[in-house]
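Source file: run.txt (compact mmCIF, C-alpha atoms and all ligand atoms)
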# COMPACT_ATOMS: atom_id res chain seq x y z
CA MET A 101 -22.14 8.53 5.55
CA THR A 102 -21.26 11.91 4.07
CA LEU A 103 -18.20 13.51 5.61
CA ARG A 104 -19.01 16.96 7.04
CA LEU A 105 -15.94 19.07 6.29
CA ALA A 106 -14.69 22.46 7.45
CA ILE A 107 -12.14 24.47 5.47
CA VAL A 108 -9.62 26.25 7.65
CA GLY A 109 -8.01 29.27 5.90
CA LEU A 110 -10.26 30.44 3.08
CA GLY A 111 -7.57 31.89 0.81
CA LYS A 112 -6.59 31.48 -2.84
CA ILE A 113 -6.26 27.71 -3.07
CA ALA A 114 -9.32 27.06 -0.90
CA ARG A 115 -11.49 29.21 -3.17
CA ASP A 116 -9.94 28.20 -6.51
CA GLN A 117 -9.75 24.44 -5.92
CA HIS A 118 -11.04 23.07 -2.62
CA VAL A 119 -14.54 24.57 -2.66
CA PRO A 120 -15.42 23.53 -6.26
CA SER A 121 -13.74 20.10 -5.94
CA ILE A 122 -15.57 19.25 -2.70
CA ALA A 123 -18.85 20.18 -4.39
CA LYS A 124 -18.11 17.66 -7.16
CA THR A 125 -17.01 14.79 -4.88
CA GLU A 126 -19.37 12.16 -3.55
CA GLY A 127 -19.10 11.38 0.16
CA VAL A 128 -17.97 14.81 1.35
CA GLU A 129 -19.84 18.04 1.99
CA LEU A 130 -18.49 21.48 2.89
CA THR A 131 -20.38 22.58 6.00
CA SER A 132 -18.26 25.23 7.72
CA ILE A 133 -15.47 27.77 7.30
CA ALA A 134 -12.88 28.76 9.89
CA SER A 135 -11.00 31.82 8.63
CA ARG A 136 -10.12 35.10 10.35
CA ASN A 137 -11.44 37.36 7.60
CA ALA A 138 -12.99 35.36 4.78
CA SER A 139 -16.37 33.62 4.72
CA ILE A 140 -18.91 32.12 2.28
CA ASP A 141 -22.44 33.53 2.21
CA GLY A 142 -24.90 31.25 3.96
CA MET A 143 -22.30 28.94 5.50
CA SER A 144 -21.38 28.61 9.19
CA HIS A 145 -18.35 30.77 9.90
CA PHE A 146 -15.83 30.74 12.75
CA PRO A 147 -12.80 33.04 13.12
CA ASP A 148 -10.40 30.15 13.77
CA ILE A 149 -10.23 26.41 14.27
CA GLU A 150 -10.22 26.64 18.07
CA THR A 151 -13.58 28.45 18.06
CA LEU A 152 -14.98 25.95 15.58
CA LEU A 153 -13.88 22.97 17.69
CA ALA A 154 -15.24 24.53 20.88
CA SER A 155 -18.66 25.07 19.27
CA ASP A 156 -21.38 22.47 18.83
CA GLU A 157 -20.94 22.54 15.02
CA ALA A 158 -21.11 18.97 13.67
CA VAL A 159 -17.88 18.44 11.73
CA ASP A 160 -16.11 15.15 10.91
CA ALA A 161 -13.06 16.48 9.10
CA VAL A 162 -11.02 19.62 8.43
CA ALA A 163 -8.98 20.72 5.41
CA LEU A 164 -6.11 22.96 6.52
CA CYS A 165 -5.53 25.50 3.74
CA THR A 166 -3.65 28.02 5.88
CA PRO A 167 0.04 28.88 5.38
CA PRO A 168 2.37 26.07 6.52
CA GLN A 169 3.89 27.91 9.49
CA GLY A 170 0.71 27.72 11.58
CA ARG A 171 -0.55 24.37 10.44
CA HIS A 172 0.95 22.13 13.14
CA ALA A 173 -1.02 23.67 16.02
CA GLN A 174 -4.23 23.57 13.95
CA ALA A 175 -3.67 19.91 13.06
CA VAL A 176 -3.01 19.00 16.71
CA ALA A 177 -6.24 20.73 17.80
CA ALA A 178 -8.28 18.95 15.12
CA LEU A 179 -6.76 15.50 15.78
CA GLN A 180 -7.18 15.92 19.56
CA ALA A 181 -10.86 16.59 18.85
CA GLY A 182 -11.05 13.33 16.84
CA LYS A 183 -11.41 14.96 13.41
CA HIS A 184 -9.92 13.61 10.18
CA VAL A 185 -7.32 16.04 8.83
CA LEU A 186 -6.34 16.94 5.27
CA LEU A 187 -3.17 19.02 5.00
CA GLU A 188 -2.42 21.27 2.03
CA LYS A 189 1.14 21.03 0.79
CA PRO A 190 3.70 21.43 2.27
CA PRO A 191 2.36 19.44 5.24
CA GLY A 192 4.21 21.60 7.76
CA ALA A 193 7.02 24.06 8.33
CA THR A 194 9.50 21.36 9.48
CA VAL A 195 9.98 17.67 8.78
CA SER A 196 10.19 16.63 12.43
CA GLU A 197 6.86 18.20 13.45
CA MET A 198 5.13 15.55 11.34
CA GLY A 199 6.09 12.49 13.44
CA PRO A 200 4.03 13.56 16.47
CA LEU A 201 1.07 14.35 14.19
CA VAL A 202 1.15 10.87 12.68
CA ALA A 203 1.37 9.36 16.17
CA LEU A 204 -1.60 11.44 17.35
CA ALA A 205 -3.72 10.47 14.33
CA GLN A 206 -2.90 6.79 15.03
CA GLU A 207 -3.80 7.18 18.69
CA LYS A 208 -7.12 8.80 17.81
CA GLY A 209 -7.87 6.36 14.97
CA VAL A 210 -8.47 9.16 12.44
CA THR A 211 -7.12 9.97 9.00
CA LEU A 212 -4.15 12.26 8.43
CA PHE A 213 -3.63 12.98 4.73
CA ALA A 214 -0.61 15.01 3.63
CA THR A 215 -1.69 15.97 0.13
CA TRP A 216 0.63 16.52 -2.83
CA HIS A 217 -1.78 17.86 -5.43
CA SER A 218 0.66 17.57 -8.35
CA ARG A 219 0.80 13.80 -7.84
CA PHE A 220 -2.85 13.70 -8.94
CA ALA A 221 -2.05 15.35 -12.28
CA PRO A 222 -3.02 13.07 -15.23
CA ALA A 223 0.51 12.56 -16.62
CA VAL A 224 2.09 11.43 -13.36
CA GLU A 225 0.93 7.80 -13.15
CA PRO A 226 1.61 7.12 -16.89
CA ALA A 227 5.10 8.64 -16.45
CA ARG A 228 5.78 6.42 -13.43
CA ALA A 229 4.64 3.32 -15.32
CA PHE A 230 6.78 4.23 -18.36
CA LEU A 231 9.91 4.85 -16.26
CA ALA A 232 9.49 1.62 -14.29
CA ASP A 233 10.16 -0.22 -17.52
CA THR A 234 13.11 1.58 -19.16
CA ASP A 235 16.69 2.69 -18.45
CA ILE A 236 16.82 6.30 -17.30
CA HIS A 237 19.85 8.36 -18.39
CA SER A 238 19.15 11.76 -16.80
CA VAL A 239 16.40 14.00 -15.39
CA HIS A 240 16.04 17.77 -15.78
CA VAL A 241 13.34 19.67 -13.90
CA GLU A 242 12.47 23.24 -14.92
CA TRP A 243 9.90 24.94 -12.68
CA LYS A 244 10.01 28.63 -13.60
CA GLU A 245 7.21 31.13 -13.01
CA ASP A 246 6.48 34.76 -12.23
CA VAL A 247 6.06 35.17 -8.47
CA ARG A 248 4.20 38.47 -8.94
CA LYS A 249 1.57 36.72 -11.03
CA TRP A 250 1.03 33.63 -8.86
CA HIS A 251 1.66 34.87 -5.31
CA PRO A 252 0.62 38.53 -5.12
CA GLY A 253 0.52 39.87 -1.58
CA GLN A 254 1.42 36.55 0.08
CA ALA A 255 3.78 37.89 2.75
CA TRP A 256 3.97 34.51 4.55
CA ILE A 257 5.65 32.89 1.54
CA TRP A 258 8.79 35.02 2.06
CA GLU A 259 8.98 34.38 5.81
CA PRO A 260 10.90 31.50 7.44
CA GLY A 261 8.88 28.34 6.82
CA GLY A 262 7.14 29.91 3.81
CA LEU A 263 9.66 28.15 1.52
CA GLY A 264 9.99 30.91 -1.10
CA VAL A 265 10.50 29.36 -4.54
CA PHE A 266 10.20 25.90 -2.99
CA ASP A 267 6.48 26.58 -2.53
CA PRO A 268 5.99 25.70 -6.23
CA GLY A 269 9.27 23.76 -6.42
CA ILE A 270 8.06 21.21 -3.89
CA ASN A 271 5.31 20.31 -6.38
CA ALA A 272 8.00 19.32 -8.88
CA LEU A 273 9.75 17.31 -6.18
CA SER A 274 6.47 15.58 -5.34
CA ILE A 275 6.21 14.49 -9.00
CA VAL A 276 9.84 13.41 -9.37
CA THR A 277 9.74 11.36 -6.16
CA ALA A 278 6.57 9.67 -7.44
CA ILE A 279 7.80 8.79 -10.94
CA LEU A 280 11.42 7.71 -10.37
CA PRO A 281 11.91 4.02 -9.54
CA ARG A 282 14.49 4.65 -6.79
CA PRO A 283 14.88 7.24 -4.01
CA MET A 284 17.13 10.19 -4.88
CA PHE A 285 19.28 12.30 -2.58
CA LEU A 286 20.77 15.77 -2.81
CA ARG A 287 24.40 16.45 -3.86
CA ARG A 288 24.46 20.22 -4.48
CA SER A 289 22.20 23.16 -3.69
CA ASP A 290 22.63 26.80 -4.74
CA LEU A 291 20.00 29.14 -3.34
CA GLN A 292 19.41 32.77 -4.32
CA PHE A 293 17.98 34.95 -1.56
CA PRO A 294 16.76 38.50 -2.26
CA GLU A 295 18.70 40.75 0.13
CA ASN A 296 15.46 41.80 1.89
CA ARG A 297 13.82 38.35 2.19
CA ALA A 298 14.18 35.25 4.40
CA ALA A 299 13.29 32.75 1.65
CA PRO A 300 14.92 32.03 -1.73
CA ILE A 301 13.68 33.35 -5.07
CA ALA A 302 15.60 30.71 -7.06
CA ALA A 303 17.23 27.33 -6.47
CA ASP A 304 19.53 25.12 -8.53
CA LEU A 305 19.80 21.54 -7.23
CA GLU A 306 21.61 18.36 -8.19
CA PHE A 307 20.44 14.99 -6.93
CA THR A 308 21.55 11.45 -7.59
CA ASP A 309 20.45 7.93 -6.61
CA ALA A 310 22.02 4.57 -5.80
CA THR A 311 22.84 4.03 -9.51
CA GLY A 312 24.45 7.47 -9.97
CA LEU A 313 21.55 8.94 -11.98
CA ALA A 314 21.92 12.71 -12.58
CA VAL A 315 18.83 14.69 -11.56
CA ARG A 316 19.01 18.48 -11.98
CA ALA A 317 16.24 20.77 -10.72
CA GLU A 318 16.01 24.48 -11.49
CA PHE A 319 13.37 26.55 -9.72
CA ASP A 320 13.03 30.26 -10.50
CA TRP A 321 10.42 32.82 -9.56
CA ARG A 322 11.77 35.57 -11.83
CA GLU A 323 10.46 34.09 -15.11
CA THR A 324 8.16 36.51 -16.86
CA GLY A 325 8.43 35.26 -20.45
CA GLY A 326 8.41 31.50 -21.00
CA GLU A 327 6.97 30.13 -17.78
CA THR A 328 7.46 26.37 -17.53
CA TRP A 329 6.57 23.56 -15.16
CA SER A 330 8.33 20.63 -16.84
CA VAL A 331 10.25 17.43 -16.11
CA HIS A 332 12.43 16.10 -18.96
CA VAL A 333 13.69 12.52 -18.69
CA GLU A 334 16.25 11.10 -21.14
CA THR A 335 15.63 7.35 -21.39
CA ALA A 336 16.68 4.36 -23.50
CA LYS A 337 13.31 4.64 -25.26
CA GLY A 338 13.50 8.38 -25.99
CA LYS A 339 12.94 11.71 -24.26
CA LEU A 340 9.95 11.72 -21.95
CA THR A 341 8.57 15.19 -21.19
CA LEU A 342 6.00 15.91 -18.55
CA SER A 343 4.82 19.51 -18.93
CA GLU A 344 2.29 22.06 -17.67
CA GLY A 345 2.75 20.75 -14.14
CA GLY A 346 1.72 17.21 -15.10
CA LYS A 347 -1.22 17.78 -17.45
CA LYS A 348 0.77 16.67 -20.52
CA LEU A 349 3.14 13.82 -21.29
CA ALA A 350 5.06 13.32 -24.54
CA LEU A 351 7.69 10.90 -25.85
CA ASP A 352 10.10 12.47 -28.36
CA GLY A 353 7.49 15.20 -28.87
CA GLN A 354 4.65 12.74 -29.57
CA PRO A 355 1.72 13.35 -27.17
CA MET A 356 0.91 10.46 -24.80
CA VAL A 357 -1.34 12.31 -22.33
CA ASN A 358 -3.10 15.68 -22.60
CA GLU A 359 -5.92 15.96 -20.10
CA PRO A 360 -7.58 18.76 -18.15
CA ASP A 361 -6.67 19.42 -14.55
CA ALA A 362 -8.47 17.21 -12.02
CA GLU A 363 -5.92 17.24 -9.21
CA TYR A 364 -8.19 18.33 -6.36
CA ALA A 365 -11.03 16.02 -7.36
CA GLY A 366 -8.46 13.21 -7.03
CA ILE A 367 -7.37 14.50 -3.64
CA TYR A 368 -10.91 14.54 -2.27
CA ARG A 369 -11.78 11.10 -3.68
CA ARG A 370 -8.71 9.74 -1.91
CA PHE A 371 -9.53 11.58 1.33
CA VAL A 372 -13.04 10.11 1.40
CA GLU A 373 -11.57 6.62 0.89
CA LEU A 374 -8.94 7.08 3.61
CA THR A 375 -11.50 8.28 6.17
CA LYS A 376 -13.57 5.12 5.74
CA THR A 377 -10.91 3.23 7.71
CA GLY A 378 -9.09 6.09 9.43
CA ALA A 379 -6.03 5.37 7.28
CA ILE A 380 -2.96 7.61 7.27
CA ASP A 381 -1.23 8.82 4.09
CA VAL A 382 1.83 10.91 4.90
CA ASP A 383 4.84 10.85 2.55
CA LEU A 384 7.42 13.39 3.66
CA SER A 385 10.00 12.84 0.89
CA PRO A 386 9.31 16.12 -1.01
CA LEU A 387 9.55 18.12 2.24
CA GLN A 388 12.70 16.21 3.24
CA HIS A 389 14.37 17.20 -0.05
CA VAL A 390 13.53 20.86 0.57
CA ALA A 391 14.96 20.61 4.09
CA ASP A 392 18.12 19.06 2.59
CA ALA A 393 18.32 21.90 0.05
CA PHE A 394 18.46 24.40 2.93
CA LEU A 395 20.89 22.13 4.85
CA LEU A 396 23.33 21.80 1.95
CA GLY A 397 22.50 25.15 0.36
CA ARG A 398 25.15 27.62 -0.71
CA ARG A 399 23.58 31.01 -0.14
CA HIS A 400 23.82 33.73 -2.80
CA VAL A 401 22.41 37.20 -2.13
CA VAL A 402 20.61 38.81 -5.08
CA ASP A 403 18.57 42.00 -5.73
CA ALA A 404 15.87 42.87 -3.24
CA PHE A 405 12.37 41.68 -4.11
CA VAL A 406 9.84 44.49 -4.00
CA GLU A 407 6.22 43.48 -4.40
CA ALA A 408 4.72 46.42 -6.34
P1 LIG A 501 -3.42 32.43 0.86
O1 LIG A 501 -4.15 32.92 -0.36
O2 LIG A 501 -2.52 33.37 1.59
O3 LIG A 501 -4.53 31.81 1.83
C1 LIG A 501 -4.27 31.33 3.12
C2 LIG A 501 -5.39 31.79 4.03
O4 LIG A 501 -5.11 31.31 5.33
C3 LIG A 501 -5.47 33.30 4.14
O5 LIG A 501 -6.36 33.84 3.17
C4 LIG A 501 -5.94 33.53 5.56
O6 LIG A 501 -7.36 33.69 5.58
C5 LIG A 501 -5.59 32.26 6.30
N1 LIG A 501 -4.54 32.47 7.29
C6 LIG A 501 -4.53 31.99 8.56
N2 LIG A 501 -3.44 32.35 9.20
C7 LIG A 501 -2.70 33.09 8.35
C8 LIG A 501 -1.47 33.75 8.46
N3 LIG A 501 -0.75 33.72 9.59
N4 LIG A 501 -1.00 34.42 7.37
C9 LIG A 501 -1.71 34.47 6.23
N5 LIG A 501 -2.91 33.85 6.08
C10 LIG A 501 -3.40 33.16 7.13
O7 LIG A 501 -2.51 31.18 0.49
P2 LIG A 501 -2.82 30.03 -0.58
O8 LIG A 501 -2.17 30.37 -1.87
O9 LIG A 501 -4.24 29.69 -0.59
O10 LIG A 501 -1.92 28.87 0.05
C11 LIG A 501 -2.29 28.17 1.21
C12 LIG A 501 -1.58 26.83 1.18
O11 LIG A 501 -2.02 26.13 0.00
C13 LIG A 501 -0.05 26.94 1.08
O12 LIG A 501 0.56 25.93 1.83
C14 LIG A 501 0.23 26.72 -0.41
O13 LIG A 501 1.49 26.15 -0.64
C15 LIG A 501 -0.89 25.76 -0.78
N6 LIG A 501 -1.22 25.80 -2.21
C16 LIG A 501 -1.41 26.98 -2.86
C17 LIG A 501 -1.65 26.98 -4.23
C18 LIG A 501 -1.89 28.24 -5.01
O14 LIG A 501 -1.92 28.18 -6.25
N7 LIG A 501 -2.09 29.40 -4.39
C19 LIG A 501 -1.71 25.78 -4.92
C20 LIG A 501 -1.59 24.60 -4.21
C21 LIG A 501 -1.34 24.62 -2.86
P3 LIG A 501 -7.98 34.63 6.76
O15 LIG A 501 -7.28 35.95 6.65
O16 LIG A 501 -9.44 34.70 6.45
O17 LIG A 501 -7.66 33.91 8.05
Spell out the structure here as C-alpha cells.
Amino acid sequence: MTLRLAIVGLGKIARDQHVPSIAKTEGVELTSIASRNASIDGMSHFPDIETLLASDEAVDAVALCTPPQGRHAQAVAALQAGKHVLLEKPPGATVSEMGPLVALAQEKGVTLFATWHSRFAPAVEPARAFLADTDIHSVHVEWKEDVRKWHPGQAWIWEPGGLGVFDPGINALSIVTAILPRPMFLRRSDLQFPENRAAPIAADLEFTDATGLAVRAEFDWRETGGETWSVHVETAKGKLTLSEGGKKLALDGQPMVNEPDAEYAGIYRRFVELTKTGAIDVDLSPLQHVADAFLLGRRHVVDAFVEA
C-alpha cells in the first residue's frame, strides 16, 4: 500500500529536499500540503494541519517541516488522528515534550520518526564502522557557515527554541553521536549571543566520555570565507576526516568515501519501512546535548546581528 503523505510547512527544506525525495521513493506519495501561505500547483492545499485533519482528505502520514517551536501541537494533532508522523530535525523545542509524543504514538500504534538527516549522509556509516575498530585519541568538530547565505529571513531561528547556530550544529552532533562507540557528555559550553537576539551565533563546546576522550565542537555562523562542515578524528590508525557534512570520508588525506547527497531519500526509505509495522524511531541524544549546552553555557554578548 502506498503511503499518502501530507507535508506540513512548505518552506525551504520541504521544497529543496522533501518534495523531490518523496517523488523518488517507492511506497510513498505526496498528496497534500498544509501551509499558511505556500502551495503546489494542482495539489490539495490546506492552511494548517488542523484544517487538513478535519477535512475528508485521505492521508496516512504527515511530514512536519515547520519550525521546531510549533511542532509539538502539530504532532499531537496528527497522532491523535491516527497518522504516522515524520519530524524534521530538531524533533521539538524541548527534550521533555518528546516523551508524551512517543507515548501517544505507542497508544495509537503509529510511527513516530524523529529524523536526523545528516545521519543518512554516505560517510557516516563507514566512519562508525572504522571507529568501532580502532583506538580514538581525540575528536574535533568544525561546523562553520554563513548564516546570511543559508538562513535568509528565517526570523524563527533567532527566537527561543529556534536554536540559533545549533540549528546546523545539531546536525554535527547527530553525526558524532552516531559514529562514536560510547556516549559522550558535556564538560564546557561557551555561547556567543548577538546583543539583539535570543539565540547564539556561535558555540564552543567540550565533551568527554567514560574513557576521558576529548571531543571539541566549534559552531560558528559568521564564517564567510572557508565554510566547513567537518569532523576530524585522531585515531591509532591515522586521522579520519569526515567533511562536507558527511559526503566525504578520508584517512590521512586518502579518500575512502566521496558520494553525492542522498540523505532525504534515505529518510523516506526508512519512514516507509517504519510505517509497515508502526515502529517508533526517536533518538533524542543530539537534542539533549544542545539542551545541556544551554544548561552549562557561559553566555558572552557579541555584536548585534542585522539581517540586511
Ligand atoms: P522555513 O524555510 O522557514 O520553512 C518553514 C515553513 O513552515 C515556512 O515556510 C512556513 O510556511 C511554515 N510555518 C508554519 N508556522 C511557522 C512559523 N510560526 N514561523 C515560520 N514559518 C512557519 O524553514 P526551513 O529551513 O525549511 O526549516 C524547517 C525545519 O527544517 C527546521 O526545523 C530546520 O532545522 C529543518 N531543516 C532545514 C534545513 C535547511 O537547509 N533549510 C535543512 C535540514 C533541516 P507557511 O508560511 O506557508 O506556513
Excluding A:Ala205 and any residue of its chain fewer than 3 positions from it, enumerate the residues within 10 Å of it, using all atoms listed in the file, and give them as a CSV table (one decimal) with C-alpha atoms, in the frame of the given file.
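The result, written out as out-v8.csv:
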chain,number,residue,atom,x,y,z
A,175,ALA,CA,-3.7,19.9,13.1
A,176,VAL,CA,-3.0,19.0,16.7
A,178,ALA,CA,-8.3,19.0,15.1
A,179,LEU,CA,-6.8,15.5,15.8
A,180,GLN,CA,-7.2,15.9,19.6
A,182,GLY,CA,-11.0,13.3,16.8
A,183,LYS,CA,-11.4,15.0,13.4
A,184,HIS,CA,-9.9,13.6,10.2
A,185,VAL,CA,-7.3,16.0,8.8
A,200,PRO,CA,4.0,13.6,16.5
A,201,LEU,CA,1.1,14.4,14.2
A,202,VAL,CA,1.2,10.9,12.7
A,208,LYS,CA,-7.1,8.8,17.8
A,209,GLY,CA,-7.9,6.4,15.0
A,210,VAL,CA,-8.5,9.2,12.4
A,211,THR,CA,-7.1,10.0,9.0
A,212,LEU,CA,-4.2,12.3,8.4
A,213,PHE,CA,-3.6,13.0,4.7
A,378,GLY,CA,-9.1,6.1,9.4
A,379,ALA,CA,-6.0,5.4,7.3
A,380,ILE,CA,-3.0,7.6,7.3
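In this comparison, which uses all atoms listed in the file, the residue of A:Arg219, A:Arg288, A:His389, A:Lys189 approaching A:Asp361 most closely is A:Arg219.
The space separating atom CA of A:Ser218 from atom CA of A:Ala272 comes to 7.6 Å.
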Exercise for the section: Set the cut-off to 6 Å, count all atoms listed in the file, and list whatever residues fall near ligand LIG 501 (chain A) as a VMD selection string. Expected result: chain A and resid 109 to 114 135 to 138 165 to 168 188 to 190 254 256 267
Practice task
May I ask which of the residues A:Ala163, A:Ala298, A:Ala365, A:Met101 is the closest one to A:Trp258, counting only C-alpha atoms?
Solution key: A:Ala298
Problem - Exercise: A:Thr151 partners within 12 Å, all atoms listed in the file, chain neighbours under 3 positions left out, as a PyMOL selection string - result: chain A and resi 108+132-136+144-148+154-157+174+177-178
Handout entry: Nearest to A:Ile270, chosen from A:Ala255, A:Ala232, A:Ala391, A:Ala173, with only C-alpha atoms counted in the distances
Key = A:Ala391
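Among A:Ile275, A:Ala221, A:Gly397, A:Pro260, the residue with the shortest atom-to-atom distance to A:Ala302, counting all atoms listed in the file, is A:Gly397.
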Problem - Among listed residues A:Pro386, A:Gly264, A:Pro294, A:Gly269, nearest A:Pro191 (using all atoms listed in the file) - result: A:Pro386
Practice task
Using all atoms listed in the file, find the one residue out of A:Val224, A:Pro268, A:Asp290, A:Ala350 that sits nearest to A:His251.
Solution key: A:Pro268
Exercise for the section: Between atom CA of A:Gly192 and atom CA of A:Arg171, measure the distance and give it in Å to one decimal. Expected result: 6.1 Å
Problem - Sel. within 10 Å of pt (-16.1, 12.0, 1.5), counting all atoms listed in the file, output as a ChimeraX atom specification - result: /A:101-105,122,125-130,160-161,368-376
Handout entry: Distance in Å - atom CA of A:Glu327 versus atom CA of A:Trp216
Key = 21.2 Å
